[in-house]
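Asker: Submitted below is the structure of interest, expressed as structure tokens.
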Amino acid sequence: MNRYILTLLFSFTSLVVLCQSVEHDFRIRTITAGITLSSLSDTSSIIEAVEFLKEARNGYKTMGYEVQTIRIATQNLHEFLNGKTHKEALPYLIKFDQIAQRDNIGFAMGWILAPDKYDADIAEWVIKLINQTQTISFSLPISSTQSGIHTNSIKAAAEITKVISKNSKGGEGNFRFTASANCPAGIPFFPAAYHEGPNSFAIGLESPNILTRVFSESNWNEAKHNLKLELETQFKPIQSLAEKISKSSGWIYDGIDTSPAPGLDASIGQAIETLTKHPFGGPSTLRACALITDVLKNLELKTCGYSGLMLPVIEDKILAKRAMENRFTLQELLLFSSVSGTGLDVIPLPGNTTIETVERIYYDVAALSLKYTNKALSARLFLIPDKVVGDLVEFDNPYLTSTTVMKIE
């Protein structure tokens, strides 16, 4: 073995030991592979993606990082039906789901209808999909910079949201569906994810604890600079390994979605309160949201997806607590999204919310997505069956936390 190879091996081994000796206060939420299927029967591309993801996950685990999930996103469903109806496609999708369950993979198939198309039967078909699969996420596009607001898509999305709430326990089936507004391909987070082009992959992170730590050591004047420096320091090794994986595998590296996705022990609400010194929802919350997103959008990294601030009420214990204290409304969450985030995510609403009201909410999200250039938003609304404003709601899903049903002003 020549001296050059020995040097490389020594350097790599040293890097692995160094990474393993450092405790990271963030996790890799997902490595998401994007693939283009040739047809509904193309299971070989899915299996190839599974093997790629397992290798990529092992690479990050070897470097000392926790990888919570690995996921696959295909091109939009309506693009590979190839003349089949949704009903005819369902057995193929069940097969995809079986592969995903076997390998503990998340699976997203993007838009189930083409933009601004309406199908009166799609909501009932969705119930069959929800009840006969466990892993598949999907969406509808309600706006785009090319063609504006998609009225027909909003109608279909509202009907889907309502029918899922009536036909899944606790309305939790809506965890797998979103109305996506101006969302690009390559988002690694579900359910908005979909893919275009050659095989590629992207990284999504769970990083609110970094923000909390930085803000605990910074005042307002220092916070932006300190956060940018810390996130770049922490994320550049993630990017470096992704580039190596890309070079060795031939899979294109799309980037990191820098959105600090929260978890039950990693609260973005806590991070914001650490900076503002006040409960989330009060004065200065908007300022903090803007500061964080300004940093996320300007990191010296290859970024993709939302790369904005996520405020998912029932995935974040502090946000859920503040909702129970009536410290913010649905409309205020949308206001915060105007300077920051990713839209309205897992918002608990009364079960008797009408389809027309859901449509109006989607119109607001769609309009906001078009107000600013390249603003990706989505809306994942939980209509909780048999619950009214103020009722306590609890979930079977281990990733969701208890809160109260919110009022729509």
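Quick note on naming: the chains in the structure tokens go A, B, ... in the order shown, residues restart at 1 in each chain, and ligands are numbered from 1 in order of appearance.
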Which residues are close to range 236-250 of chain A, i.e. within 8 Å by only C-alpha atoms, leaving aside same-chain residues fewer than 3 positions away? Reply as an MDAnalysis selection string.
Answerer: chainID A and resid 56 59:60 232:233 253 255:256 301:302
Asker: Just write the chosen residues, C-alpha atoms, as a CSV table (one decimal), in the first residue's frame.
Answerer:
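Result file out.csv:
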```
chain,number,residue,atom,x,y,z
A,56,ALA,CA,-25.8,6.8,3.0
A,59,GLY,CA,-21.9,6.7,6.3
A,60,TYR,CA,-23.4,9.3,8.5
A,232,GLU,CA,-22.3,26.7,9.1
A,233,THR,CA,-19.7,25.1,11.5
A,253,TYR,CA,-26.6,16.0,-4.1
A,255,GLY,CA,-28.4,20.2,-0.7
A,256,ILE,CA,-29.6,20.6,2.9
A,301,LEU,CA,-24.1,26.0,2.1
A,302,LYS,CA,-25.8,24.3,-0.8
```
Asker: Per residue of range 213-289 of chain A within 6 Å of range 303-318 of chain A, note the shortest atom pair and the distance in Å to one decimal, counting only C-alpha atoms, and order the rows by chain and increasing residue number, as JSON lines.
Answerer:
```
{"residue": "A:Gly255", "atom": "CA", "partner": "A:Thr303", "partner_atom": "CA", "distance": 4.6}
{"residue": "A:Ile256", "atom": "CA", "partner": "A:Thr303", "partner_atom": "CA", "distance": 4.7}
{"residue": "A:Asp257", "atom": "CA", "partner": "A:Ser307", "partner_atom": "CA", "distance": 4.9}
{"residue": "A:Thr258", "atom": "CA", "partner": "A:Ser307", "partner_atom": "CA", "distance": 4.6}
{"residue": "A:Ser259", "atom": "CA", "partner": "A:Ser307", "partner_atom": "CA", "distance": 4.5}
{"residue": "A:Leu264", "atom": "CA", "partner": "A:Asp316", "partner_atom": "CA", "distance": 5.6}
{"residue": "A:Ser267", "atom": "CA", "partner": "A:Asp316", "partner_atom": "CA", "distance": 5.5}
{"residue": "A:Gly269", "atom": "CA", "partner": "A:Ile318", "partner_atom": "CA", "distance": 5.3}
```
Asker: Based on the selection just made, write N, CA and C atoms of those residues as a compact mmCIF listing (two decimals), in the first residue's frame.
Answerer:
```txt
# COMPACT_ATOMS: atom_id res chain seq x y z
N GLY A 255 -28.73 19.24 -1.73
CA GLY A 255 -28.43 20.21 -0.70
C GLY A 255 -29.08 19.85 0.63
N ILE A 256 -28.96 20.77 1.56
CA ILE A 256 -29.56 20.65 2.89
C ILE A 256 -30.75 21.58 2.98
N ASP A 257 -31.89 21.06 3.40
CA ASP A 257 -33.00 21.93 3.78
C ASP A 257 -32.72 22.35 5.21
N THR A 258 -32.33 23.61 5.37
CA THR A 258 -31.83 24.10 6.67
C THR A 258 -32.95 24.39 7.67
N SER A 259 -34.20 24.14 7.29
CA SER A 259 -35.30 24.34 8.22
C SER A 259 -35.05 23.57 9.51
N LEU A 264 -40.01 16.35 19.71
CA LEU A 264 -40.59 16.48 21.04
C LEU A 264 -39.55 16.87 22.09
N SER A 267 -37.37 21.86 20.65
CA SER A 267 -38.47 22.79 20.41
C SER A 267 -38.00 24.08 19.76
N GLY A 269 -40.10 26.48 19.46
CA GLY A 269 -40.74 27.45 20.35
C GLY A 269 -39.82 27.85 21.48
```
Asker: For Glu394 in chain A, which of A:Arg29, A:Lys95, A:Lys169, A:His86 is the closest residue, counting only C-alpha atoms?
Answerer: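 Closest candidate: A:Lys169.
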Asker: Near Thr285 in chain A, within 12 Å and counting only C-alpha atoms, which residues show up once chain neighbours fewer than 4 positions away are dropped, as a VMD selection string?
Answerer: chain A and resid 268 to 281 289 to 292 311 327 to 328 332 to 333 335 to 337 339 to 340
Asker: For the residues in the current selection, export C-alpha atoms as a short mmCIF file (atom, residue, chain, number, x, y, z; two decimals), in the first residue's frame.
Answerer:
```
data_model
loop_
_atom_site.label_atom_id
_atom_site.label_comp_id
_atom_site.auth_asym_id
_atom_site.auth_seq_id
_atom_site.Cartn_x
_atom_site.Cartn_y
_atom_site.Cartn_z
CA ILE A 268 -38.32 25.71 18.01
CA GLY A 269 -40.74 27.45 20.35
CA GLN A 270 -38.18 27.17 23.14
CA ALA A 271 -35.46 28.53 20.85
CA ILE A 272 -37.56 31.58 19.98
CA GLU A 273 -38.47 32.20 23.61
CA THR A 274 -34.80 31.94 24.60
CA LEU A 275 -34.10 34.83 22.24
CA THR A 276 -37.14 36.99 23.00
CA LYS A 277 -37.32 36.21 26.74
CA HIS A 278 -41.11 36.11 26.34
CA PRO A 279 -43.71 33.41 25.58
CA PHE A 280 -44.15 32.53 21.92
CA GLY A 281 -46.92 34.55 20.29
CA CYS A 289 -38.96 34.52 13.23
CA ALA A 290 -37.55 37.02 10.73
CA LEU A 291 -34.06 36.89 12.23
CA ILE A 292 -33.91 33.09 12.18
CA LEU A 311 -43.86 26.10 13.38
CA ARG A 327 -51.20 33.02 23.01
CA PHE A 328 -51.52 32.90 19.21
CA GLU A 332 -50.96 34.90 13.53
CA LEU A 333 -49.12 31.73 12.51
CA LEU A 335 -48.42 36.22 9.75
CA PHE A 336 -45.22 34.69 11.15
CA SER A 337 -44.93 32.70 7.90
CA VAL A 339 -41.39 36.66 7.30
CA SER A 340 -40.24 33.17 7.90
#
```
Asker: Might you pull out every residue within 9 Å of Asn82 in chain A, with only C-alpha atoms counted and same-chain residues fewer than 4 positions away left off, and present them as a PDB file with N, CA and C atoms, in the first residue's frame?
Answerer:
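Ended up saving to result11.pdb:
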```pdb
ATOM      1  N   SER A  39     -42.735   3.573 -14.477  1.00  0.00           N
ATOM      2  CA  SER A  39     -44.134   3.155 -14.507  1.00  0.00           C
ATOM      3  C   SER A  39     -44.563   2.765 -13.098  1.00  0.00           C
ATOM      4  N   LEU A  40     -45.817   2.420 -12.951  1.00  0.00           N
ATOM      5  CA  LEU A  40     -46.325   1.971 -11.660  1.00  0.00           C
ATOM      6  C   LEU A  40     -45.750   0.619 -11.247  1.00  0.00           C
ATOM      7  N   HIS A  78     -49.469  11.828 -10.774  1.00  0.00           N
ATOM      8  CA  HIS A  78     -50.217  11.996 -12.024  1.00  0.00           C
ATOM      9  C   HIS A  78     -49.307  11.881 -13.247  1.00  0.00           C
TER      10      HIS A  78
END
```
Asker: Could you write out, as a list in words, all the residues of range 171-273 of chain A that DSSP marks as strand (DSSP E)?
Answerer: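 Selecting the strand (DSSP E) positions of range 171-273 of chain A gives Phe177, Thr178, Ala179, Ser180, Ala181, Ser200, Phe201, Ala202, Ile203, Gly204, Leu205, Glu206, Ile252, Tyr253, Asp254, Gly255, Ile256 and Asp257 of chain A.
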Asker: Enumerate, in order of chain and increasing residue number, the residues of range 178-241 of chain A with an atom no farther than 12 Å from range 61-74 of chain A, each with its shortest atom pair and distance in Å to one decimal, counting only C-alpha atoms, as a Markdown table.
Answerer:
```
| residue | atom | partner | partner_atom | distance |
| --- | --- | --- | --- | --- |
| A:Ala185 | CA | A:Ala73 | CA | 9.5 |
| A:Gly186 | CA | A:Ala73 | CA | 8.4 |
| A:Ile187 | CA | A:Ala73 | CA | 9.0 |
| A:Pro188 | CA | A:Ala73 | CA | 8.1 |
| A:Phe189 | CA | A:Arg71 | CA | 8.9 |
| A:Phe190 | CA | A:Ala73 | CA | 8.8 |
| A:Pro191 | CA | A:Ala73 | CA | 9.5 |
| A:Ala192 | CA | A:Ala73 | CA | 9.5 |
| A:Ala193 | CA | A:Ala73 | CA | 6.1 |
| A:Tyr194 | CA | A:Ala73 | CA | 5.2 |
| A:His195 | CA | A:Thr74 | CA | 5.2 |
| A:Glu196 | CA | A:Thr74 | CA | 7.8 |
| A:Gly197 | CA | A:Thr74 | CA | 9.9 |
| A:Pro198 | CA | A:Thr74 | CA | 10.7 |
| A:Asn199 | CA | A:Thr74 | CA | 9.6 |
| A:Ser200 | CA | A:Ala73 | CA | 9.9 |
| A:Phe201 | CA | A:Ile72 | CA | 8.9 |
| A:Ala202 | CA | A:Arg71 | CA | 9.9 |
| A:Ile203 | CA | A:Ile70 | CA | 9.6 |
| A:Gly204 | CA | A:Thr69 | CA | 9.7 |
| A:Leu205 | CA | A:Val67 | CA | 9.2 |
| A:Glu206 | CA | A:Gln68 | CA | 9.2 |
| A:Ser207 | CA | A:Glu66 | CA | 11.9 |
| A:Gln234 | CA | A:Tyr65 | CA | 11.2 |
| A:Phe235 | CA | A:Tyr65 | CA | 11.3 |
| A:Pro237 | CA | A:Met63 | CA | 9.4 |
| A:Ile238 | CA | A:Tyr65 | CA | 9.0 |
| A:Ser240 | CA | A:Met63 | CA | 11.5 |
| A:Leu241 | CA | A:Met63 | CA | 9.0 |
```
Asker: List the neighbours of Leu37 in chain A out to 10 Å using only C-alpha atoms; skip same-chain residues closer than 3 positions along the sequence, and give me the result as a PyMOL selection string.
Answerer: chain A and resi 34+40-46+74-77+79-80
Asker: Give me, please, the distance in Å between CA of Thr178 in chain A and CA of Ser38 in chain A, quoted to one decimal.
Answerer: 24.9 Å
Asker: Write out as an NGL selection string all residues of range 143-371 of chain A that backbone DSSP assigns to helix (DSSP H, G or I).
Answerer: :A and (151-167 or 169-176 or 208-216 or 220-249 or 268-276 or 285-297 or 313-315 or 317-324 or 330-339 or 355-371)
Asker: So that I can see what lies close to Ile160 in chain A, please list as a VMD selection string the residues with an atom at most 9 Å from it, counting only C-alpha atoms and leaving out residues fewer than 3 positions away in the same chain.
Answerer: chain A and resid 122 to 124 126 to 127 155 to 157 163 to 165 174 177
Asker: From the set A:Ala376, A:Ile384, A:Ala158, A:Ile252, which residue has the shortest atom-to-atom contact distance to Tyr363 in chain A, counting only C-alpha atoms?
Answerer: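 When distances to Tyr363 in chain A are compared using only C-alpha atoms, the smallest one comes from A:Ala158.
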Asker: Counting only C-alpha atoms, which residue out of A:Pro350, A:Arg360, A:Ala367, A:Leu377 sits closest to Asp391 in chain A?
Answerer: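 Of the candidates, the smallest distance to Asp391 in chain A is held by A:Pro350.
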Asker: Mind pulling up the distance from CA of Phe107 in chain A to CA of Trp125 in chain A?
Answerer: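 Spanning CA of Trp125 in chain A to CA of Phe107 in chain A is a straight-line distance of 18.0 Å.
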Asker: Just to confirm, what's the straight-line distance from CA of Thr133 in chain A to CA of Gln98 in chain A in Å (one decimal)?
Answerer: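 Computed distance, CA of Thr133 in chain A to CA of Gln98 in chain A, equals 7.9 Å.
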